[in-house]
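S.K.: Starting off with a structure, shown below.
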Amino acid sequence: MSHDGVGLRAVMRSVAYLTAGALAVPSLAACGAEDQAGKPLAAQDIAPAARAQVAEGGTLRWAVDAVPETFNTFQSDADAATTRVAQAVLPSMYRLDANGRPARNPDYLESAEVVETEPRQVVLYKLNQQAVWSDGREIGAADFAAQWRALSGKDSAYWTARNAGYDRIAKIERGANDLEVRVTFARSYADWQSLFSPLYPKDVMGTPDSFNDGARRKLKVTAGPFALTSVDRENGRIRLTPNPRWWGRPAKLSEIVLTAVKRDQRAAALAAGQIDLAEIDPAAAQRIDGAAQGGAGPLAGPGGGRTAAKALRSWALAYGSDEEAADDELHARRKLRQAIATWERQQKALRDYEVRKSLEPAYTQLALNGADGPLADERVRRAVARALDREELVEAVLEPLGLPAVPVGSHLALSGQEVYADNSGALGGQDTKEAQALLADAGWVPGGPVKEAEKAEKAAGSRGEKSGSDTGGEDASEGGDDGTYIVGEDDKAPGRSDRDDDDHGRQLAQDGKQSVNRNGAPGAYAPRGTAAPAGAARGALAKDGKALTLRFVLPTGAGSEPLHAVAGRIARMLDTVGIRTELTKVSDESYFKDHIASGEYDLALYSWPASAFPATDARPIYAKPVPAADGSLSVEQNYTRVGTDQVDQLFDQAISTLDEEEERSLLRKADARIWAAAGSIPLYQRPQLTAAKKNVVNAGAFGFQTPVYEDMGFLKKGARISASPSEK
């Protein structure tokens with residue numbers, strides 16, 4: 001969520017606000033002291049091995065989307081690769097455990113606690129006495145103070161992407177000795193554990209020039225198990241080698257090489273032996289699983305149950321035929337022999353790899369733009385929500401991958417995290433009759449007179465390609481990553497501000513912000529156009545001479561075919577209650593900037609990463625839009641434009657309390673009210689698929705947990721996978 005962020009501000013004409021009466025939530029009684037967090041739906045899958053079983057040395061070649069533009073995670077163009085480097089080479093006071101909860105990092109921090117609450121909150125950090133920067137200087141209060149000043153938001157010369165939490169600090173000073181740091185807050189801050197992770201040296205944070213430019217291309221001073229040794233932008237490689245001054249458990253690997261490989265080229269790169277570890281899409285996962293089962297030819301592999309014609313066309317396209325030739329399989333036969341030979345060779349090589357599966361710490365949602373149009377009426381938004389069978393959508397995406405198919409029940413956390421509780425009951429489940437009743441109450445009636453509208457009526461922007469009233473779509477039985485655009489992972493998004501925290505696509509509050517590369521396919525195709533069911537026309541709704549049609553905007557991009565099924569199923573569900581959808585596909589480059597951020601859509605699919613600190617990171621996503629200086633409305637990261645004073649107040653109370661149980665209760669109440677407002681409907685946790693060489697251990701689909709870089713490596717010959725990767 002504020003990504004892993006800095007939010008984009010968008011201007012809109014109007015915003016629909018919900019009334020207090022509409023937010024009465026009978027299920028709030030469930031937000032009591034009982035722990036509803038549960039456990040993560042899927043465990044991490046990293047081939048855990050005790051350190052004694054891990055060989056000394058070796059190079060791990062790990063795929064990334066691109067060499068990052070900056071190594072400063074607090075800048076707006078930071079991405080997931082930025083985070084990956086920071087996790088390996090910089091201090092973090094806290095990192096996430098397997099449940100997505102913050103855990104003290106003993107390599108840097110002996111203890112941290114709130115030692116005073118009145119008149120002000122004071123946190124005392126006691127640092128590991130061995131912790132030093134790579135230049136030999138002790139990590140200390142000067143580094144904490146420099147980072148606070150840079151990120152406080154008081155000096156505009158620092159080009160920061162976010163300042164949440166740092167803006168609440170009053171002062172930082174040395175404690176009783178050089179190993180103690182006292183942080184005094186001007187205002188109480190519940191999420192203080194989110195701060196100083198990562199921590200940069202004062203050499204980077206000390207001046208605007210060093211902050212803005214000093215860490216963009218290199219990091220001279222580090223303090224992690226690895227150091228940033230070289231950056232080859234021309235060939236797309238980043239080399240990390242063990243830090244000779246590292247005081248913790250020594251790294252097992254002799255180097256990690258982060259290699260830029262496009263998502264749709266990773267299966268080929270794996271087969272060519274160019275990489276050892278890579279996040280992949282469902283199609284690549286099917287290929288690897290097929291190789292393990294002895295699948296040989298293209299009909300057994302890429303077909304995956306499809307027709308031979310589709311399989312052959314796919315291969316003709318992949319190996320150089322233009323689309324017209326690819327549509328004519330007979331004309332492409334000359335290339336098929338080469339394609340089949342290449343496929344068989346690659347499948348044989350892919351037997352050295354396996355797919356490690358978990359659920360990504362992010363969820364896909366259906367966003368409903370409440371700024372204007374039919375969805376400005378909360379009754380219509382609620383009708384859309386009640387028309388959806390979320391269980392069906394989840395099963396279609398996750399069951400084919402062998403992952404738990406459970407709908408997400410919270411906007412603010414995922415199962416296993418402390419704040420998580422299923423508050424979807426505040427809105428209610430699928431109920432066709434209730435959806436139709438809500439629409440009727442809002443004045444939308446079947447068969448009402450419809451004026452002949454201009455056929456050029458704006459759908460979703462000048463560059464959008466309409467698919468028409470589409471209720472079809474490719475069957476979801478193939479399952480997999482929905483391929484939706486991930487907020488915060490677009491490093492070119494406009495309108496970032498210091499208050500927001502999604503700038504580089506990092507996951508909010510350093511939870512791996514990860515993000516923010518795109519964790520999954522970078523875009524998605526809109527569902528293919530098909531005729532509406534026969535009964536749909538008869539049941540179409542209209543009001544004031546206008547049919548009820550919603551603009552469903554989707555991004556395009558390679559590897560995003562599974563989104564066809566997701567959007568197509570949603571369109572069919574809405575059609576059953578008389579809501580038509582106009583599916584429009586737009587380029588990845590314009591999807592967020594020209595449509596989501598600017599409000600040029602009615603329905604959209606995109607994802608938010610989970611945060612261990614939702615009081616900080618989720619607030620800008622659900623904050624009530626407010627008037628800006630120019631008279632427009634500032635929406636922060638609230639791209640649905642739906643917000644209420646009640647939700648804002650609950651977030652304000654949660655971020656200011658130091659009682660953890662009270663904070664959880666307040667956030668769960670806020671989530672229930674967000675559900676009731678029906679501005680966004682969480683659907684499912686995104687699948688996390690990672691291809692790994694079979695002898696790579698302590699790495700793969702990490703789930704929530706922050707990777708432990710010093711434990712990664714290759715299994716010793718004759719050794720077996722264990723369940724104790726932390727053993728020395």
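If you're wondering about the labels, chains in the structure tokens are A, B, ... by order shown, residues count from 1 in each chain, ligands from 1 in order shown.
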I'd like the neighbourhood of Arg382 (chain A) as a PDB file with C-alpha atoms, in the first residue's frame, where a residue qualifies if any of its atoms comes within 9 Å (using only C-alpha atoms), though same-chain residues fewer than 3 positions away should be ignored.
M.R.:
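Printed below is result.pdb as written:
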ATOM      1  CA  ASP A 377     -24.741   6.652  -5.724  1.00  0.00           C
ATOM      2  CA  GLU A 378     -23.708   4.336  -2.906  1.00  0.00           C
ATOM      3  CA  ARG A 379     -26.728   2.141  -3.628  1.00  0.00           C
ATOM      4  CA  ALA A 385     -20.683  -5.563  -4.769  1.00  0.00           C
ATOM      5  CA  ARG A 386     -23.704  -7.738  -3.966  1.00  0.00           C
ATOM      6  CA  ALA A 387     -23.781  -9.025  -7.555  1.00  0.00           C
ATOM      7  CA  LEU A 427     -21.395  -5.151   3.118  1.00  0.00           C
ATOM      8  CA  ALA A 435     -28.558  -6.133  -5.730  1.00  0.00           C
ATOM      9  CA  LEU A 438     -30.745  -1.597  -4.423  1.00  0.00           C
ATOM     10  CA  LEU A 439     -30.735  -0.660  -8.105  1.00  0.00           C
ATOM     11  CA  ALA A 676     -19.895  -0.595   3.873  1.00  0.00           C
ATOM     12  CA  ALA A 677     -18.941   2.309   1.617  1.00  0.00           C
ATOM     13  CA  ALA A 678     -18.323  -0.142  -1.260  1.00  0.00           C
ATOM     14  CA  GLY A 679     -15.632   1.923  -2.948  1.00  0.00           C
TER      15      GLY A 679
END
S.K.: May I have a table of the residues of region 29-119 of chain A lying at most 9 Å from region 409-418 of chain A, giving each one's closest pair of atoms and their distance in Å to one decimal, counting only C-alpha atoms, ordered by chain and ascending residue number, as a Markdown table?
M.R.:
| residue | atom | partner | partner_atom | distance |
| --- | --- | --- | --- | --- |
| A:Asp35 | CA | A:Glu418 | CA | 7.9 |
| A:Gln36 | CA | A:Glu418 | CA | 8.0 |
| A:Ala37 | CA | A:Gly416 | CA | 5.1 |
| A:Gly38 | CA | A:Gly416 | CA | 5.0 |
| A:Lys39 | CA | A:Gly416 | CA | 3.9 |
| A:Pro40 | CA | A:Gly416 | CA | 4.4 |
| A:Leu41 | CA | A:Ser415 | CA | 6.3 |
| A:Ala98 | CA | A:Gly416 | CA | 8.5 |
| A:Asn99 | CA | A:Gly416 | CA | 5.0 |
| A:Gly100 | CA | A:Gln417 | CA | 5.4 |
| A:Arg101 | CA | A:Gln417 | CA | 6.0 |
S.K.: With only C-alpha atoms counted and 12 Å as the cut-off, give the residues of region 41-91 of chain A in contact with region 246-266 of chain A, each with its shortest interatomic distance in Å and the pair that gives it, as a Markdown table.
M.R.:
| residue | atom | partner | partner_atom | distance |
| --- | --- | --- | --- | --- |
| A:Ala49 | CA | A:Lys252 | CA | 11.9 |
| A:Ala50 | CA | A:Lys252 | CA | 11.4 |
| A:Arg51 | CA | A:Lys252 | CA | 8.1 |
| A:Ala52 | CA | A:Lys252 | CA | 10.0 |
| A:Gln53 | CA | A:Lys252 | CA | 10.4 |
| A:Val54 | CA | A:Lys252 | CA | 7.0 |
| A:Ala55 | CA | A:Lys252 | CA | 6.8 |
| A:Glu56 | CA | A:Lys252 | CA | 5.2 |
| A:Gly57 | CA | A:Leu253 | CA | 4.4 |
| A:Gly58 | CA | A:Leu253 | CA | 5.2 |
| A:Thr59 | CA | A:Glu255 | CA | 4.9 |
| A:Leu60 | CA | A:Ile256 | CA | 4.8 |
| A:Arg61 | CA | A:Val257 | CA | 4.8 |
| A:Trp62 | CA | A:Leu258 | CA | 4.9 |
| A:Ala63 | CA | A:Thr259 | CA | 4.8 |
| A:Val64 | CA | A:Ala260 | CA | 4.9 |
| A:Asp65 | CA | A:Ala260 | CA | 5.3 |
| A:Ala66 | CA | A:Ala260 | CA | 4.6 |
| A:Val67 | CA | A:Ala260 | CA | 6.3 |
| A:Pro68 | CA | A:Ala260 | CA | 9.6 |
| A:Ala80 | CA | A:Leu258 | CA | 11.7 |
| A:Ala81 | CA | A:Leu258 | CA | 8.4 |
| A:Thr82 | CA | A:Leu258 | CA | 10.9 |
| A:Arg84 | CA | A:Leu258 | CA | 9.1 |
| A:Val85 | CA | A:Leu258 | CA | 8.8 |
| A:Ala88 | CA | A:Ile256 | CA | 9.8 |
| A:Val89 | CA | A:Trp246 | CA | 9.9 |
| A:Leu90 | CA | A:Trp246 | CA | 11.0 |
| A:Pro91 | CA | A:Trp246 | CA | 11.1 |
S.K.: If you run DSSP on the backbone, which residues of region 26-245 of chain A are strand (DSSP E), as a VMD selection string?
M.R.: chain A and resid 59 to 64 94 to 96 102 to 104 109 to 116 122 to 127 169 to 174 180 to 185 226 to 232 237 to 242
S.K.: From a DSSP pass on the backbone, collect the residues of region 73-245 of chain A flagged as alpha helix (DSSP H) and hand them back as a ChimeraX atom specification.
M.R.: /A:80-89,141-151,202-205,208-209
S.K.: With distances taken over only C-alpha atoms, which residue among A:Gln44, A:Ser680, A:Asn163, A:Gln705 lies nearest Arg381 (chain A)?
M.R.: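 Nearest to Arg381 (chain A): A:Ser680.
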S.K.: When you look at region 195-200 of chain A with a cut-off of 9 Å (counting only C-alpha atoms), what residues show up, excluding the ones that are within fewer than 2 positions of it in the same chain? I need them as a count of residues only.
M.R.: 30
S.K.: How many Å separate CA of Asp711 (chain A) from CA of Ala131 (chain A)?
M.R.: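 Computing it gives 18.7 Å between the two atoms.
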S.K.: Write out as a VMD selection string the residues lying within 12 Å of Trp675 (chain A), counting only C-alpha atoms and excluding same-chain residues fewer than 5 positions away.
M.R.: chain A and resid 22 to 25 27 to 28 365 367 378 381 to 382 385 to 386 408 to 412 422 to 429 622 642 to 644 647 668 to 670 680 to 682
S.K.: Could you write out that same residue set with N, CA, C and O atoms as a compact mmCIF listing (two decimals), in the first residue's frame?
M.R.:
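Result written to again_39.txt:
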# COMPACT_ATOMS: atom_id res chain seq x y z
N ALA A 22 -25.67 5.60 6.35
CA ALA A 22 -25.36 4.48 5.46
C ALA A 22 -24.23 3.64 5.98
O ALA A 22 -23.99 2.55 5.50
N LEU A 23 -23.51 4.14 6.99
CA LEU A 23 -22.35 3.43 7.48
C LEU A 23 -22.61 2.68 8.76
O LEU A 23 -21.69 2.23 9.42
N ALA A 24 -23.86 2.56 9.14
CA ALA A 24 -24.14 1.75 10.33
C ALA A 24 -23.74 0.32 10.02
O ALA A 24 -24.19 -0.27 9.05
N VAL A 25 -22.87 -0.24 10.86
CA VAL A 25 -22.31 -1.54 10.56
C VAL A 25 -22.62 -2.52 11.68
O VAL A 25 -22.00 -2.48 12.73
N SER A 27 -21.88 -5.53 12.06
CA SER A 27 -20.87 -6.53 12.38
C SER A 27 -19.73 -5.99 13.22
O SER A 27 -18.78 -6.70 13.49
N LEU A 28 -19.80 -4.73 13.64
CA LEU A 28 -18.69 -4.16 14.39
C LEU A 28 -18.46 -4.85 15.72
O LEU A 28 -17.39 -4.77 16.29
N GLN A 365 -8.19 -6.15 -6.15
CA GLN A 365 -9.50 -5.60 -5.80
C GLN A 365 -10.21 -5.11 -7.05
O GLN A 365 -9.58 -4.83 -8.08
N ALA A 367 -12.07 -1.90 -8.11
CA ALA A 367 -12.25 -0.51 -7.68
C ALA A 367 -13.46 0.09 -8.37
O ALA A 367 -13.67 -0.09 -9.57
N GLU A 378 -24.21 5.48 -3.67
CA GLU A 378 -23.71 4.34 -2.91
C GLU A 378 -24.58 3.10 -3.09
O GLU A 378 -24.10 1.97 -2.97
N ARG A 381 -23.17 1.29 -6.03
CA ARG A 381 -21.90 0.63 -5.67
C ARG A 381 -22.18 -0.64 -4.87
O ARG A 381 -21.56 -1.69 -5.09
N ARG A 382 -23.09 -0.54 -3.94
CA ARG A 382 -23.40 -1.70 -3.12
C ARG A 382 -24.06 -2.80 -3.97
O ARG A 382 -23.84 -4.00 -3.74
N ALA A 385 -21.35 -4.66 -5.71
CA ALA A 385 -20.68 -5.56 -4.77
C ALA A 385 -21.52 -6.80 -4.48
O ALA A 385 -21.01 -7.93 -4.42
N ARG A 386 -22.84 -6.61 -4.31
CA ARG A 386 -23.70 -7.74 -3.97
C ARG A 386 -23.93 -8.67 -5.17
O ARG A 386 -24.35 -9.81 -5.00
N VAL A 408 -10.35 -12.44 0.20
CA VAL A 408 -9.76 -11.52 1.17
C VAL A 408 -10.89 -10.81 1.92
O VAL A 408 -11.81 -10.28 1.31
N GLY A 409 -10.81 -10.79 3.24
CA GLY A 409 -11.87 -10.21 4.04
C GLY A 409 -11.59 -8.85 4.62
O GLY A 409 -12.39 -8.31 5.38
N SER A 410 -10.44 -8.26 4.26
CA SER A 410 -10.06 -6.96 4.83
C SER A 410 -9.36 -6.11 3.78
O SER A 410 -8.67 -6.63 2.90
N HIS A 411 -9.57 -4.80 3.88
CA HIS A 411 -8.83 -3.85 3.04
C HIS A 411 -7.47 -3.52 3.63
O HIS A 411 -6.60 -2.98 2.94
N LEU A 412 -7.28 -3.79 4.92
CA LEU A 412 -6.13 -3.25 5.64
C LEU A 412 -5.07 -4.28 6.00
O LEU A 412 -3.97 -3.91 6.43
N ASP A 422 -12.06 -10.62 9.08
CA ASP A 422 -12.96 -10.62 7.94
C ASP A 422 -14.16 -9.74 8.25
O ASP A 422 -15.07 -10.12 8.99
N ASN A 423 -14.15 -8.54 7.69
CA ASN A 423 -15.24 -7.58 7.92
C ASN A 423 -16.16 -7.45 6.72
O ASN A 423 -16.95 -6.50 6.64
N SER A 424 -16.07 -8.40 5.77
CA SER A 424 -16.90 -8.30 4.57
C SER A 424 -18.39 -8.37 4.88
O SER A 424 -19.22 -7.93 4.08
N GLY A 425 -18.73 -8.90 6.06
CA GLY A 425 -20.14 -8.95 6.44
C GLY A 425 -20.76 -7.58 6.58
O GLY A 425 -22.00 -7.44 6.55
N ALA A 426 -19.96 -6.54 6.73
CA ALA A 426 -20.50 -5.19 6.81
C ALA A 426 -21.17 -4.77 5.51
O ALA A 426 -22.01 -3.88 5.49
N LEU A 427 -20.79 -5.43 4.41
CA LEU A 427 -21.39 -5.15 3.12
C LEU A 427 -22.36 -6.27 2.72
O LEU A 427 -23.43 -6.02 2.19
N GLY A 428 -21.96 -7.50 3.01
CA GLY A 428 -22.81 -8.62 2.66
C GLY A 428 -22.27 -9.40 1.48
O GLY A 428 -21.50 -8.87 0.66
N GLY A 429 -22.67 -10.65 1.36
CA GLY A 429 -22.21 -11.50 0.28
C GLY A 429 -23.06 -11.39 -0.96
O GLY A 429 -23.93 -10.52 -1.09
N TYR A 622 -7.63 5.47 1.74
CA TYR A 622 -9.06 5.56 2.05
C TYR A 622 -9.45 6.92 2.63
O TYR A 622 -10.59 7.09 3.07
N VAL A 642 -13.95 7.63 -2.86
CA VAL A 642 -14.98 7.36 -1.86
C VAL A 642 -14.33 7.44 -0.50
O VAL A 642 -13.38 6.71 -0.21
N GLY A 643 -14.81 8.34 0.36
CA GLY A 643 -14.24 8.48 1.69
C GLY A 643 -15.23 9.09 2.65
O GLY A 643 -16.23 9.68 2.23
N THR A 644 -14.98 8.93 3.95
CA THR A 644 -15.88 9.46 4.96
C THR A 644 -15.10 10.04 6.11
O THR A 644 -13.96 9.65 6.39
N VAL A 647 -14.20 7.25 8.77
CA VAL A 647 -13.01 6.46 8.50
C VAL A 647 -11.75 7.26 8.82
O VAL A 647 -10.81 6.75 9.45
N ARG A 668 -9.92 -2.26 12.67
CA ARG A 668 -10.95 -3.18 12.21
C ARG A 668 -12.29 -2.48 12.03
O ARG A 668 -13.05 -2.78 11.10
N LYS A 669 -12.58 -1.53 12.90
CA LYS A 669 -13.79 -0.73 12.73
C LYS A 669 -13.71 0.10 11.46
O LYS A 669 -14.69 0.22 10.71
N ALA A 670 -12.54 0.67 11.22
CA ALA A 670 -12.37 1.45 9.98
C ALA A 670 -12.58 0.57 8.76
O ALA A 670 -13.24 0.96 7.79
N SER A 680 -14.29 -0.08 -2.89
CA SER A 680 -13.41 -1.10 -3.45
C SER A 680 -13.77 -2.45 -2.82
O SER A 680 -14.09 -2.52 -1.64
N ILE A 681 -13.68 -3.49 -3.63
CA ILE A 681 -14.06 -4.82 -3.19
C ILE A 681 -12.85 -5.73 -3.28
O ILE A 681 -12.45 -6.15 -4.38
N PRO A 682 -12.20 -6.06 -2.15
CA PRO A 682 -11.08 -7.00 -2.20
C PRO A 682 -11.54 -8.35 -2.74
O PRO A 682 -12.62 -8.84 -2.38
S.K.: May I ask for the distance between CA of Ser194 (chain A) and CA of Arg356 (chain A), given in Å to one decimal place?
M.R.: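 Between CA of Ser194 (chain A) and CA of Arg356 (chain A) the gap is 28.9 Å.
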S.K.: Compare A:Arg137, A:Arg149, A:Lys433, A:Arg187 by their minimum atom-to-atom distance to Gln121 (chain A), counting only C-alpha atoms, and give me the closest one.
M.R.: A:Arg187
S.K.: By how many Å are CA of Met712 (chain A) and CA of Asn698 (chain A) apart?
M.R.: 5.0 Å
S.K.: Identify, on the basis of only C-alpha atoms, every residue whose closest approach to Ile169 (chain A) does not exceed 7 Å; exclude the query and any residue fewer than 3 positions from it along the same chain; express the result as a ChimeraX atom specification.
M.R.: /A:166,184-186
S.K.: If we count only C-alpha atoms and set the cut-off at 8 Å, which residues sit around Pro625 (chain A), ignoring sequence neighbours fewer than 2 positions away in its own chain? Please answer as a list in words.
M.R.: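 Residues meeting the cut-off are Val15, Ala623, Pro627, Leu633, Ser634, Val635, Glu636, Asn638, Arg641, Val642 and Gly643 of chain A.
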